[in-house]
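Enquirer: Mind having a look at this structure? Questions to follow.
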Protein chains: 2
Amino acid sequence: MGVKAAQIITSGFAEEVGGEGEEQQRRIREIAEKYDMAVCGPNSEGFANMGLDFCPTFSPAVDDPNTPLLPEFRKDGRIGVVAQSGGMGFAFYDRGRPKQLPFSYVVTTGNEACLEGFQLVEYMLDEDGTDVIVMFIEDIKTPSLFPSVAEKAVRAGKPIIVTKIGHSRAGQRAAASHTAALAGSYAAYNAMFQRYGVIEGRDIEEIVDIAAGFSYWRNRLPKGKRVGIITGSGGAGGWMADTAIAAGLSVPTLDGTTREAIDAYLPSYGTSQNPVDGTAQAIRTVGYANLSKMVAASNEVDAIIAISSARNASRYEAEFDAMAKVGRESEKPIFFNSYTMPKPEGFEIIGRAGYPLFTNMRNCAHVVACLADYRAFREQFLKAPEVSTKLNRPSGAADILQSGGDNLTEFQAKLVLKAYGVEIPEEALSVDANSAVDAAALIEGPVALKVQSPDILHKTEAGAVALGLEGADAVREGYETVMARAQAYRNTAKIDGVLVQPMAPAGREIILGINRDEAFGQMLMVGLGGVYVEVMRDVVFAPVPLRADEAHAMLERLQGKALLWGVRGDPPADISALVDLMVTVSRIADDWCDEIAEIDLNPVLVHPEGQGLSVVDALIVKQAGD
Amino acid sequence: MGVKAAQIITSGFAEEVGGEGEEQQRRIREIAEKYDMAVCGPNSEGFANMGLDFCPTFSPAVDDPNTPLLPEFRKDGRIGVVAQSGGMGFAFYDRGRPKQLPFSYVVTTGNEACLEGFQLVEYMLDEDGTDVIVMFIEDIKTPSLFPSVAEKAVRAGKPIIVTKIGHSRAGQRAAASHTAALAGSYAAYNAMFQRYGVIEGRDIEEIVDIAAGFSYWRNRLPKGKRVGIITGSGGAGGWMADTAIAAGLSVPTLDGTTREAIDAYLPSYGTSQNPVDGTAQAIRTVGYANLSKMVAASNEVDAIIAISSARNASRYEAEFDAMAKVGRESEKPIFFNSYTMPKPEGFEIIGRAGYPLFTNMRNCAHVVACLADYRAFREQFLKAPEVSTKLNRPSGAADILQSGGDNLTEFQAKLVLKAYGVEIPEEALSVDANSAVDAAALIEGPVALKVQSPDILHKTEAGAVALGLEGADAVREGYETVMARAQAYRNTAKIDGVLVQPMAPAGREIILGINRDEAFGQMLMVGLGGVYVEVMRDVVFAPVPLRADEAHAMLERLQGKALLWGVRGDPPADISALVDLMVTVSRIADDWCDEIAEIDLNPVLVHPEGQGLSVVDALIVKQAGD
């Protein structure tokens with residue numbers, strides 16, 4: 001009939017395991033493809049287009065005839081919602097509308113038989129009627145959509161705020177049965193979000209609050225994380241200071257000039273130190289506008305949190321014009337937080353004056369941190385050069401990767417690293433005790449012997465390793481022991497020989513590797529090795545290839561990063577050598593993404609600054625079926 | 001004039017640094033003492049007595065003539081607020097009243113010149129018109145009040161929920177200038193709160209929500225942390241599952257019998273696994289009451305979270321009677337969480353039916369965890385025997401503690417430990433090289449030599465330690481070296497001799513000590529030693545004396561506790577030996593609380609289960625002025 005689009009609300013398709021639903025959903029997709037129809041759903045709750053006042057949905061959230069879909073005073077900073085769950089999609093609107101936030105769309109996509117979430121996001125970006133994106137994600141059906149759309153959003157300066165459910169097994173169970181989502185590894189999702197500056201929110205209210213922060217201040221994001229706190233309640237000020245610091249902000253004492261300017265207006269029981277306790281009295285006489293302006297003038301702060309009791313909005317009427325002027329002109333963003341529960345008029349008058357109003361202290365502080373992080377992320381992202389890979393793949397690496405068996409032994413894997421310029425101390429593969437003794441004689445100091453077999457991936461577990469050997473007798477004996485143990489461990493193992501190498505000097509133990517995520521492909525993992533990995537699960541992931549600044553940022557995200565930067569007066573580790581290795585390993589993985597399934601460098605010992613690192617063990621697992 | 005009580009609202013007293021305020025506040029205290037008046041304030045915001053409808057306060061929170069101070073349907077589970085900050089005190093009421101929570105009092109205490117927060121709490125406990133206490137604390141003026149009042153609250157089953165501001169320096173600055181509070185160490189406050197099951201909240205909304213949970217379910221607290229989740233929105237169910245697990249709850253799959261019973265009512269696209277996605281349809285036909293009852297019947301769960309959209313309260317009217325019956329009869333507590341923002345009637349009807357209604361997912365999950373923790377804490381607390389100390393102090397310890405100088409050396413400190421039954425391997429104090437050689441000869445294996453001087457507290461830093469010595473020559477040389485270094489380090493140091501001891505076998509490194517907090521006295525600290533302490537600040541504190549179950553709970557709170565319980569197939573450490581040592585050290589500290597300022601056992605090496613531990617170094621610092 002020439003109909004070009006459809007929204008399917010009906011349930012009972014692929015989310016219904018074992019019935020005919022899956023087949024019927026497949027047919028919907030066929031029909032949509034055949035006629036080039038834009039089909040959203042099935043198993044969705046419809047959508048709302050606020051600009052057109054058009055709401056084909058059964059959600060009661062848009063039913064109230066007394067509430068226009070858009071606030072009258074605020075049409076820019078619009079929030080577009082894309083959600084696999086209808087209930088959650090409209091809940092964002094339900095929570096945000098009373099806060100006088102402007103929404104462009106709420107689209108609920110259900111099973112995503114045809115149209116997917118990130119296609120809708122791309123539409124919103126292209127159309128340019130949306131400034132902030134909010135998403136509820138159970139899965140990404142076509143993972144390759146994500147990077148290009150997310151990058152488009154970063155370039156446009158339009159933040160994407162998401163929740164991806166399925167962190168836990170119970171959450172994965174729910175997602176699977178709800179919209180037939182395939183959970184995928186949350187760690188990989190998280191890594192992809194980090195790569196593209198996508199902000200994860202932890203609950204509905206937090207996501208709405210982050211969106212509010214961007215809706216108001218997206219063009220004047222804080223340049224750093226230092227906040228000035230203005231309050232009429234001393235108690236609330238102290239509490240907010242603690243809360244801000246817990247959120248990763250700092251609350252510096254203000255400079256003398258600023259304090260003098262403020263002190264002129266304070267009663268003797270107020271204080272200008274920061275938090276600036278104006279006391280209820282000064283707030284009334286001096287006003288939020290003037291106080292904010294004075295604090296914003298300090299070079300010590302990047303943003304202002306103004307604490308108020310917005311229960312009774314009338315107090316803001318008297319200084320409305322001054323507040324609106326500061327709201328228009330301030331280069332530093334100002335965030336209101338009310339400790340009492342504001343009436344609707346409170347959101348309206350403070351919003352009209354140009355400020356977001358929060359009611360949750362932790363969210364308010366967190367929003368300031370999110371905005372500052374997004375600014376820093378985006379500046380870094382935009383100035384970073386393209387990483388080009390797959391050009392000039394070293395032929396040395398090609399020979400090994402294309403000839404070897406399923407697994408490359410330590411010796412072979414290190415040849416690949418060497419071909420990419422990684423420094424590996426001289427080492428030799430010996431096939432009998434005599435040549436091992438000869439090889440050891442050429443090495444200064446004690447040596448390590450390790451069996452090399454593609455069938456023995458965990459040499460230490462097999463006991464087929466001998467460490468710290470000195471002198472010909474010890475090496476000869478070591479050689480025999482290592483070979484005997486390898487054969488005892490797996491008598492059918494193909495043995496290439498025994499690797500003779502110098503003992504590595506001490507260093508901070510790091511684990512570095514590549515794994516393949518089903519949805520997003522190769523992921524680089526780095527963590528503090530040894531007990532840290534086991535006890536703290538202190539590892540971070542990122543997609544490949546990786547830029548040096550991204551590698552550095554990954555290390556900054558390690559809980560135990562102080563171990564690298566130096567504790568107890570230890571010198572810092574050679575972080576730039578580690579960053580180089582991470583970048584190189586990511587490039588190897590990307591250059592050979594069809595050949596390499598897994599890389600495992602464990603441990604890498606990172607020596608003090610300027611002294612490089614030692615790759616103590618290495619393994620490359622090739623893709624099956626090559 | 002015979003007036004027995006006064007509330008002073010006026011500001012300008014001790015919070016005003018450098019003026020006459022401090023003197024005036026002292027005079028208020030004098031007058032109050034002289035006439036035995038109950039004086040609250042100054043610099044307060046007054047109070048509200050909800051039962052008497054009596055509100056001498058300038059807070060607008062109690063001004064609305066259309067809102068009775070107490071909800072009509074709910075008079076029990078009353079919440080009493082005691083706050084140093086007037087703004088914060090009334091903010092709890094402002095947030096809680098629209099949620100239909102019943103309050104008994106809001107008392108704001110300001111500078112606490114006379115009456116203090118915990119005296120007011122004790123009044124509320126004795127009067128028995130309050131079931132849940134909420135506090136905003138800047139400081140505790142008379143710390144000794146805290147333990148007895150807090151214990152009374154635990155025994156009465158009346159939880160205390162607090163925020164103590166001043167975690168950060170900025171928060172401390174604010175508290176000091178606001179109500180002239182002396183911040184004190186937050187770590188010590190936190191330890192005291194843990195000891196008495198006082199629950200810390202992180203923002204106003206969270207505290208009100210925790211209070212709501214206790215207000216409704218204090219007599220039927222969850223027996224564990226396993227929750228069943230009921231939802232009409234699959235998306236909200238999955239999100240809540242993730243949120244619950246992040247809050248420390250578990251979301252187990254339900255048992256077959258329960259699932260069968262539920263499945264009979266579900267459409268094919270619903271699921272009973274847990275989260276139980278009833279779908280909007282089944283929620284409408286089966287109802288929350290029936291679904292809750294079915295899930296509560298499972299032995300797999302201790303509590304229920306029912307997710308709803310309470311925006312429109314009318315849906316609950318149809319099943320009100322059934323909901324009220326389940327609310328009265330259910331042995332397992334049921335918590336409602338709405339993803340849309342409820343209208344006032346939503347709080348009313350769900351509250352009337354007997355359930356708290358939350359609007360913040362993270363808070364809802366956290367409240368369930370808090371209630372379960374409080375139940376477990378209280379059961380443990382009530383059954384624990386009294387710890388009696390200061391009786392039977394071993395005379396061996398008395399001799400050393402009462403005779404020595406300001407600091408006890410390792411040798412002396414270990415004699416104190418020995419007197420309390422701690423096993424210390426044979427060791428000898430040698431005053432010349434020959435006797436050191438003789439002592440070493442009696443010890444199997446290599447020995448350690450350490451200078452013993454009350455003037456050299458950090459022997460390793462001074463280099464006055466020699467480790468792993470074997471044979472007479474090595475010991476003799478070690479002795480001379482250690483002595484020479486000690487003299488080089490501090491040539492005026494009084495040297496008792498050199499301690500000759502066996503090298504300790506390997507073990508998990510623990511740091512264990514006693515420090516004195518200004519407010520709360522002696523605190524035991526335990527942490528994972530070495531880099532863990534430095535990098536992770538992974539230490540916990542508790543007041544002394546300590547019971548074994550408390551010591552065990554402290555270890556459970558260590559982030560890196562897996563190191564003790566065993567990782568990578570390592571055997572677990574001898575945790576019961578460590579617990580014994582913690583209890584003993586706490587008893588020593590308490591027995592000699594006037595004599596001992598500090599104990600430092602660093603490191604303690606804890607060997608595998610059944611093999612005990614080694615106290616490798618020890619130091620006792622005595623109270624100055626003894």
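Each chain of the structure tokens is named A, B, ... in the order shown, its residues numbered from 1; ligands are numbered from 1 in display order.
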Please produce, as a tab-separated table, a per-residue contact table for chain B versus chain A (criterion: any atom at most 6 Å away, only C-alpha atoms considered), showing the nearest atom pair and its distance in Å to one decimal, sorted by chain then residue number.
Expert:
```
residue	atom	partner	partner_atom	distance
B:Glu16	CA	A:Tyr269	CA	4.8
B:Ser85	CA	A:Gly235	CA	5.1
B:Gly87	CA	A:Ser233	CA	5.9
B:Ala91	CA	A:Thr340	CA	5.2
B:Asp94	CA	A:Thr340	CA	5.9
B:Ile165	CA	A:Trp239	CA	5.5
B:His167	CA	A:Asp242	CA	5.8
B:Ser168	CA	A:Asp242	CA	5.4
B:Ala170	CA	A:Ala241	CA	5.8
B:Gly171	CA	A:Gly238	CA	4.3
B:Ala174	CA	A:Gly238	CA	4.8
B:Ala175	CA	A:Gly238	CA	6.0
B:His178	CA	A:Gly234	CA	5.2
B:Ser233	CA	A:Gly87	CA	5.9
B:Gly234	CA	A:His178	CA	5.2
B:Gly235	CA	A:Ser85	CA	5.1
B:Gly238	CA	A:Gly171	CA	4.3
B:Trp239	CA	A:Ile165	CA	5.6
B:Ala241	CA	A:Gly171	CA	5.1
B:Asp242	CA	A:Gly171	CA	5.3
B:Tyr269	CA	A:Glu16	CA	4.8
B:Thr340	CA	A:Ala91	CA	5.2
B:Val535	CA	A:Ala562	CA	5.7
B:Gly560	CA	A:Val535	CA	6.0
B:Ala562	CA	A:Val535	CA	5.7
```
Enquirer: Skip region 223-226 of chain B itself and residues of its chain fewer than 5 positions away, then list as a PyMOL selection string all residues within 10 Å of it, counting only C-alpha atoms.
Expert: chain B and resi 244-245+247-252+299-304+331-333+368-376
Enquirer: Can you tell me, as a list in words, what residues are no more than 8 Å from Pro571 (chain B) when counting only C-alpha atoms, ignoring any on the same chain fewer than 6 positions away?
Expert: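 Here the answer would be Trp565, Pro608 and Glu609 of chain B.
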Enquirer: Report the distance between CA of Pro102 (chain B) and CA of Glu348 (chain B) in Å, rounded to one decimal place.
Expert: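 That distance, rounded to one decimal, is 11.9 Å.
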Enquirer: Compare A:Ala493, A:Ala439, A:Ile79, A:Leu266 by their minimum atom-to-atom distance to Asp128 (chain A), counting only C-alpha atoms, and give me the closest one.
Expert: A:Ile79
Enquirer: Skipping near chain neighbours, those fewer than 3 positions away, what residues fall within 6 Å of region 37-41 of chain B using only C-alpha atoms, listed as a VMD selection string?
Expert: chain B and resid 4 to 8 32 44 109 to 112 114 to 115
Enquirer: I need the chosen residues saved as a PDB file, in the first residue's frame, with all heavy atoms.
Expert:
```pdb
ATOM      1  N   LYS B   4      11.639  25.762  83.000  1.00  0.00           N
ATOM      2  CA  LYS B   4      12.504  24.588  83.060  1.00  0.00           C
ATOM      3  C   LYS B   4      13.220  24.275  81.753  1.00  0.00           C
ATOM      4  O   LYS B   4      14.077  23.403  81.706  1.00  0.00           O
ATOM      5  CB  LYS B   4      11.680  23.340  83.483  1.00  0.00           C
ATOM      6  CG  LYS B   4      11.083  23.413  84.885  1.00  0.00           C
ATOM      7  CD  LYS B   4      12.077  23.793  85.967  1.00  0.00           C
ATOM      8  CE  LYS B   4      13.205  22.782  86.187  1.00  0.00           C
ATOM      9  NZ  LYS B   4      14.264  23.337  87.066  1.00  0.00           N
ATOM     10  N   ALA B   5      12.816  24.919  80.662  1.00  0.00           N
ATOM     11  CA  ALA B   5      13.430  24.566  79.378  1.00  0.00           C
ATOM     12  C   ALA B   5      13.442  25.763  78.448  1.00  0.00           C
ATOM     13  O   ALA B   5      12.603  26.662  78.565  1.00  0.00           O
ATOM     14  CB  ALA B   5      12.664  23.418  78.718  1.00  0.00           C
ATOM     15  N   ALA B   6      14.412  25.767  77.537  1.00  0.00           N
ATOM     16  CA  ALA B   6      14.475  26.838  76.546  1.00  0.00           C
ATOM     17  C   ALA B   6      15.084  26.315  75.268  1.00  0.00           C
ATOM     18  O   ALA B   6      15.964  25.452  75.292  1.00  0.00           O
ATOM     19  CB  ALA B   6      15.317  28.010  77.079  1.00  0.00           C
ATOM     20  N   GLN B   7      14.574  26.821  74.179  1.00  0.00           N
ATOM     21  CA  GLN B   7      15.188  26.540  72.875  1.00  0.00           C
ATOM     22  C   GLN B   7      15.730  27.879  72.392  1.00  0.00           C
ATOM     23  O   GLN B   7      14.985  28.844  72.257  1.00  0.00           O
ATOM     24  CB  GLN B   7      14.122  25.997  71.914  1.00  0.00           C
ATOM     25  CG  GLN B   7      14.573  25.824  70.475  1.00  0.00           C
ATOM     26  CD  GLN B   7      15.210  24.449  70.203  1.00  0.00           C
ATOM     27  OE1 GLN B   7      14.878  23.469  70.861  1.00  0.00           O
ATOM     28  NE2 GLN B   7      16.124  24.410  69.260  1.00  0.00           N
ATOM     29  N   ILE B   8      17.045  27.946  72.118  1.00  0.00           N
ATOM     30  CA  ILE B   8      17.628  29.219  71.680  1.00  0.00           C
ATOM     31  C   ILE B   8      17.937  29.153  70.193  1.00  0.00           C
ATOM     32  O   ILE B   8      18.723  28.311  69.743  1.00  0.00           O
ATOM     33  CB  ILE B   8      18.900  29.560  72.484  1.00  0.00           C
ATOM     34  CG1 ILE B   8      18.568  29.535  73.984  1.00  0.00           C
ATOM     35  CG2 ILE B   8      19.445  30.925  72.074  1.00  0.00           C
ATOM     36  CD1 ILE B   8      19.756  29.858  74.868  1.00  0.00           C
ATOM     37  N   ALA B  32      22.166  27.496  82.611  1.00  0.00           N
ATOM     38  CA  ALA B  32      21.404  26.250  82.474  1.00  0.00           C
ATOM     39  C   ALA B  32      21.761  25.281  83.584  1.00  0.00           C
ATOM     40  O   ALA B  32      20.893  24.636  84.178  1.00  0.00           O
ATOM     41  CB  ALA B  32      21.685  25.627  81.111  1.00  0.00           C
ATOM     42  N   SER B  44      20.168  27.489  66.565  1.00  0.00           N
ATOM     43  CA  SER B  44      19.376  26.349  66.098  1.00  0.00           C
ATOM     44  C   SER B  44      18.169  26.860  65.311  1.00  0.00           C
ATOM     45  O   SER B  44      17.992  28.063  65.146  1.00  0.00           O
ATOM     46  CB  SER B  44      18.901  25.518  67.285  1.00  0.00           C
ATOM     47  OG  SER B  44      17.734  26.097  67.850  1.00  0.00           O
ATOM     48  N   THR B 109      19.660  21.213  67.061  1.00  0.00           N
ATOM     49  CA  THR B 109      20.402  21.496  68.296  1.00  0.00           C
ATOM     50  C   THR B 109      21.503  22.541  68.141  1.00  0.00           C
ATOM     51  O   THR B 109      22.108  22.948  69.129  1.00  0.00           O
ATOM     52  CB  THR B 109      21.041  20.194  68.835  1.00  0.00           C
ATOM     53  OG1 THR B 109      21.904  19.674  67.811  1.00  0.00           O
ATOM     54  CG2 THR B 109      19.997  19.168  69.182  1.00  0.00           C
ATOM     55  N   GLY B 110      21.790  22.968  66.907  1.00  0.00           N
ATOM     56  CA  GLY B 110      22.758  24.049  66.701  1.00  0.00           C
ATOM     57  C   GLY B 110      24.078  23.811  67.402  1.00  0.00           C
ATOM     58  O   GLY B 110      24.700  22.767  67.241  1.00  0.00           O
ATOM     59  N   ASN B 111      24.483  24.786  68.219  1.00  0.00           N
ATOM     60  CA  ASN B 111      25.816  24.718  68.845  1.00  0.00           C
ATOM     61  C   ASN B 111      25.912  23.744  70.011  1.00  0.00           C
ATOM     62  O   ASN B 111      27.004  23.494  70.514  1.00  0.00           O
ATOM     63  CB  ASN B 111      26.231  26.106  69.342  1.00  0.00           C
ATOM     64  CG  ASN B 111      26.518  27.062  68.208  1.00  0.00           C
ATOM     65  OD1 ASN B 111      26.353  26.712  67.033  1.00  0.00           O
ATOM     66  ND2 ASN B 111      26.932  28.282  68.534  1.00  0.00           N
ATOM     67  N   GLU B 112      24.774  23.256  70.480  1.00  0.00           N
ATOM     68  CA  GLU B 112      24.766  22.293  71.591  1.00  0.00           C
ATOM     69  C   GLU B 112      25.554  22.807  72.790  1.00  0.00           C
ATOM     70  O   GLU B 112      26.438  22.124  73.310  1.00  0.00           O
ATOM     71  CB  GLU B 112      25.280  20.918  71.126  1.00  0.00           C
ATOM     72  CG  GLU B 112      24.469  20.357  69.975  1.00  0.00           C
ATOM     73  CD  GLU B 112      24.736  18.879  69.674  1.00  0.00           C
ATOM     74  OE1 GLU B 112      25.770  18.371  70.115  1.00  0.00           O
ATOM     75  OE2 GLU B 112      23.882  18.250  69.021  1.00  0.00           O
ATOM     76  N   CYS B 114      24.379  23.187  75.696  1.00  0.00           N
ATOM     77  CA  CYS B 114      23.972  22.408  76.880  1.00  0.00           C
ATOM     78  C   CYS B 114      23.525  21.018  76.435  1.00  0.00           C
ATOM     79  O   CYS B 114      24.274  20.082  76.523  1.00  0.00           O
ATOM     80  CB  CYS B 114      22.850  23.135  77.616  1.00  0.00           C
ATOM     81  SG  CYS B 114      23.206  24.878  77.905  1.00  0.00           S
ATOM     82  N   LEU B 115      22.292  20.928  75.945  1.00  0.00           N
ATOM     83  CA  LEU B 115      21.783  19.630  75.504  1.00  0.00           C
ATOM     84  C   LEU B 115      22.510  19.172  74.249  1.00  0.00           C
ATOM     85  O   LEU B 115      22.732  19.958  73.326  1.00  0.00           O
ATOM     86  CB  LEU B 115      20.287  19.726  75.191  1.00  0.00           C
ATOM     87  CG  LEU B 115      19.325  19.606  76.350  1.00  0.00           C
ATOM     88  CD1 LEU B 115      17.892  19.710  75.840  1.00  0.00           C
ATOM     89  CD2 LEU B 115      19.517  18.274  77.083  1.00  0.00           C
TER      90      LEU B 115
END
```
Enquirer: Quick one: residues within 10 Å of region 315-321 of chain A, only C-alpha atoms, excluding same-chain residues fewer than 5 positions away - as a PyMOL selection string?
Expert: chain A and resi 283-290+309-310+326-327+346+349-350+352-353
Enquirer: Have a look at CA of Val106 (chain A) and CA of Glu22 (chain A) and let me know their distance in Å, one decimal.
Expert: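 Result for CA of Val106 (chain A) versus CA of Glu22 (chain A): 26.1 Å, one decimal.
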Enquirer: Would you mind writing down, as a ChimeraX atom specification, each residue of region 319-410 of chain A that DSSP on the backbone assigns to strand (DSSP E or B)?
Expert: /A:334-338,357-358,407-408
Enquirer: Using only C-alpha atoms, which protein or nucleic acid residues come within 12 Å of region 587-593 of chain B? Drop anything in the same chain fewer than 5 positions from it, and give the result as number ranges by chain.
Expert: B: 387-395, 397-398, 400-402, 413-414, 416-422, 513-516, 520-525, 543-548, 580-582, 598-600, 620-623, 626
Enquirer: Just list the residues in region 306-361 of chain B DSSP gives alpha helix (DSSP H) on the backbone, as a ChimeraX atom specification.
Expert: /B:314-318,320-329,344-352,361
Enquirer: What does the distance between CA of Asn407 (chain A) and CA of Gly497 (chain A) come to in Å, to one decimal place?
Expert: 15.0 Å
Enquirer: Env of region 464-467 of chain B: 12 Å cut, atoms = only C-alpha atoms, seq-sep filter 4 positions within chain, self excluded. Answer as a ChimeraX atom specification.
Expert: /B:445-453,456-460,474-490,495,497-504,616-617
